[in-house]
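See structure below.
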Amino acid sequence: MVTIISDSGVETQQIQLTKLSARSGRLEISLNSNWDFHRGPLDADVNRSGNGCDEWGRVDLPHTWNALDGYSGGNDYFRGDGWYRKTIRLDGSLAGRRFYLHFDGANLIADLYVDGRHVGQHRGGYSAFRFDLTELLRPGEDQLLAVKVNNERHEDVAPLSADFTFFGGIYRDVKLLVTRQEHIDVMDHASPGVFLHQKSLSDQRARIDVQVNLINHATASLKRLLRIEIADADGSIVARREQPVALRAGCGSARFITLEIDQPRRWDGIRDPYLYAVTVSLLDGETLVDSLRQPLGLREFKVDAVSGLFLNGSHYDVRGVSRHQDSEGKGWALSADDHRRDVEMIEELGASAVRLAHYQHAPCVYDLMDEKGLVTWAEIPLVNEVPATEAFERNVRSQLLELVRQNYNHPSILFWGICNEVSLCGMGADSFEILKGLQALAKSEDPGRLTTNAVLGRCDGEDIWFLTDIVAENTYFGWYYDAAEDLGRWADRARQAYPQRAFGVSEYGAGAGVGIHSDEPHAGDHSEEYQSIYHEISWLQMRRRPYLWSKFIWNMFDFAVDSRDEGERAGINDKGLVTYDRKIRKDSFFWYKANWSRAPVLYITSRRFNVRKRPCADIKIYSNLERVELLVNGRSLGVRQVEDCRVIFPAVGLAMGDNCIEAKAVDRDSHWHSDQVHWQRIDNDDTDIAASNGVIGVDLDNRRIYHLPYGTSVAELEGLIKLPFGAVLDVSAIGSAGRIVRPGDRFAVVAANGRRREYTVARGALSVARPVRVNKELLHGIFGYPAAPAVKVVDGNDSFPLEQEKHTASYWLTGDANQGSGHLRIDLGADYFIHRLDSAWLPPLLTENGVCQYTVEVARDLEPDATVFVEHYDMVVDRRRNREPLRTADAIGRCGRFVRINILDSSYKVELPLLGSFRLFGATQFTVSGGLLYSEHLAVDYDTRCIVLPCRVTVAELRDQLRVVGQGSELKVTLRGEPASDHMQVTEHHGVLVKSRNKNSVRREYYDIRR
């Protein structure tokens, strides 16, 4: 018996044994329950007696301290120390046994202490590891186990960086292994100590060499019996051998025993994932000393540069998904049931293979790969960067050894992945030598499998492309670059250039939020509709190219990337076919299910696009059945042939109100299938405009537009405005096409149903009416207070009234009371010179004398591609010790497009009757001032658009003292609208016109001269 004891010493709980000694000869004791946890640094001495710190909570394993902040957005999740501890007492009957503490995984560095004594450290966040505690544990006594885990960046531990959140904690199972003095070795990189080598395979016979690593810690030599048994899937023994072994005192040794299986049945992927089981037993007479069971799958395979993978002599289409190991609310701390759920969804999809990216996954996942017949690419976490240091090289070699030895016996693994996109940060000769060393190590450890690596897209022909046995590329045609149709052209060119090289696709994908929909989908809009189009085009191209040995979708599930801020929610990479919480299979899931699965599929797409304003819609259906009939509101629109697993009924008319869309089809067994969705067509009274190219700002609440380029004519105005479907622009109140639009002018938007709304052209600070993104906002009223959405901080109103009667506030709150810190990003649309940030914090009607601690960061504009997809922020203001209430002003003096304000702490409080005092986090207004020009010598008043001259200067001298933001920018000094000559003295009749081109837009500003 083993008992854990709570901190108080009062509460006890018996640990359940997961395996009994009578059956296995060893004990495996789960230590998952009832750990004390503290987030943050501690002195190791605190963990000597279990006292000295009151800030402990109770957790069960698996556990991560980033289960909530790891995907909140802002790249500010906690990275540091986390401490775990528990008191255990081993039963006195276990005296004389050996004890090994086993961790399935802890991220990133784990230090173990027993009674305050440092036992050892493991550097790496994904593989299993063990500590020998035999000399430290004393059965019958209370002893304190403490584990410090750290998930910060360490320059000698891979990965240094990656496009996913590094969840910290002991996020997998922990158990205590108890053995006799002689046993199967458990300390060889936490491997099973048993390795199954398939020496030959034919239809008549399979020959297996079983390697067993034994060790004897006793002081005397021992004679024991080693027994190997192979059972088929029904449990019948098909091969058995025994061998006496002499175990020398204090020594380890490897024993090899050959067994043969007659008429073997092969492990054949999803076609027939047949498994044998190998049981290795060490016996002392009739007494079982130690025992271990391992999976055995018999298979032969090769990859051909012409036709891809051949498994057991037959072509095998490697079509599949990549998978990360996190989910909503749990991060990486998944249970065995969570992992099985994920794999069963992959199985439902009809995938034949899985890339387990970008690191070693939980042991049960590899068991599931074997069981389901999913061909597996297993890889180490060598991502983006390969520093040429001895310490880093030692670490990645160690992680590769752990991956291979711990998973050697899994038949599903055909490929060892060496690295992912390591040319992203540049690749020197010394770094490449490290990669060559990993390739050699993988082949020496396991000559029977193929090595591969995932290279950055469009890098074919580079040295990294020829590093491993075979290669694959992360391609994002139609998402980060080019068009989706270019994927096939790229593949054909690479095939023609390197006809002897086997290459595949290791990643392809596009993002989608299940709440984002479009009648006119396009790359980058994160709509379900575009993701579906992308995958249709991509898969049909790859399906026709058998030389692509792999086709892995990125990704099966949405996953956490706390640094991302895109699509429907910050902190998430939404390229998954399934949502982060696993609740919704996106449309693209059913595209692949129709193409890959044998199960009948009939699925109407865009089902969540259920509010329609247009009178007609194309209705697209995914199916692997022969023909589909469409019915709308009970009326049949006919039967259409399914081609390439899809059928489209174009321009289907929708009635006002509810529309029942139903698809029907019959399968080959004469079974009927149907799918039904309901769409609401509403009156198209939409007059909400948007910026067509990011130049202007639109305030829908107050019906104003801001930031109109200087000198915009009536004819140019329509090009700056994106109208809702069916709406038209009425500019008759402004004047003729050539008239210049000025602040105060009004125009109207007329909806498709004739509804009319007027807008006013206005002037405001650079931030007014700009798009904002937040990780938290209060979108509903609470305790009598109104909703406080984020758009309120850029509406140009920095006054403090509380407008409860309007059910909306003039301020932003991060959420309900005590919801805590939050951040907000203002998108200026392009790079500007950011002069100053003025902040109006929360209104005094809510609270008095509150203070916010905050930082401000600025990021430049970016052109998204495969390597650049998130802004890079620099801190420009540090107000973590701010003591100014209500209003603050901060000089910025930097160029950038994005301004992010991080509210870290707040003393603003509100008193609620009967409920007490609550802290509030938020602000009333953030006002960014700046423009397209700046000067190191002259004063620029950005509020009035004036340049102040301290002395007389010529036009040429003035121009030399001004700097313009953006490429392709122009600056002209004018006199009454005409270009001024360089030698002319500048007067107050002059002005400065600035023009800046950004992508497909032009921004213009005009500055007066003032002395």
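Residues in the structure tokens are numbered from 1 in each chain, the chains being A, B, ... in the order shown, and ligands are numbered from 1 in the order shown.
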- Non-local contacts of segment 510-526 of chain A (7 Å; only C-alpha atoms; under 4 positions in same chain excluded) as a PyMOL selection string: chain A and resi 478-479+530-531+534+567-568+574-575+586+609
Output for the residues just chosen: C-alpha atoms as a compact mmCIF listing (two decimals), in the first residue's frame:
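Contents of the output file selection.txt:
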# COMPACT_ATOMS: atom_id res chain seq x y z
CA GLY A 478 -3.90 30.58 -51.42
CA TRP A 479 -3.53 31.55 -47.79
CA TYR A 530 -13.21 30.35 -47.96
CA GLN A 531 -11.69 27.54 -45.92
CA TYR A 534 -9.35 26.42 -50.27
CA GLY A 567 -10.02 35.56 -37.26
CA GLU A 568 -12.82 35.11 -34.77
CA ASP A 574 -8.10 28.53 -36.46
CA LYS A 575 -6.88 26.35 -39.33
CA LYS A 586 -16.39 22.80 -39.68
CA PHE A 609 -24.51 31.11 -42.27
- From the DSSP assignment of the backbone, select every residue of segment 481-576 of chain A that is strand (DSSP E), and format the answer as a list in words. Phe503, Gly504, Val505, Ser506, Glu507, Leu548, Trp549, Ser550, Lys551, Phe552, Ile553, Phe559, Ala560, Val561, Asp562, Ser563, Arg564, Asp565, Glu566, Arg569, Ala570, Gly571, Ile572 and Asn573 of chain A
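Near segment 469-477 of chain A, within 6 Å and counting only C-alpha atoms, sit Leu450, Thr451, Thr452, Asn453, Ala454, Val455, Leu456, Gly457, Trp479, Tyr480, Tyr481, Asp482, Ala483, Ala484, Leu487, Ala502, Phe503, Gly504, Val505, Ser506, Glu507 and Tyr508 of chain A, not including residues fewer than 2 positions from it in the same chain.
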- Message: Could you pull out the helix (DSSP H, G or I) residues of segment 543-669 of chain A, going by DSSP on the backbone, and write them as a list in words?
- Response: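 Matching residues for helix (DSSP H, G or I) in segment 543-669 of chain A are Arg543, Asp587, Ser588, Phe589, Phe590, Trp591, Tyr592, Lys593, Ala594, Asn595 and Trp596 of chain A.
Across the structure, atom CA of Ala128 of chain A and atom CA of Gly105 of chain A are spaced 5.1 Å apart.
In terms of minimum interatomic distance to Ser200 of chain A, A:Glu260 ranks closest within A:Glu286, A:Glu536, A:Glu260, A:Glu643, counting only C-alpha atoms.
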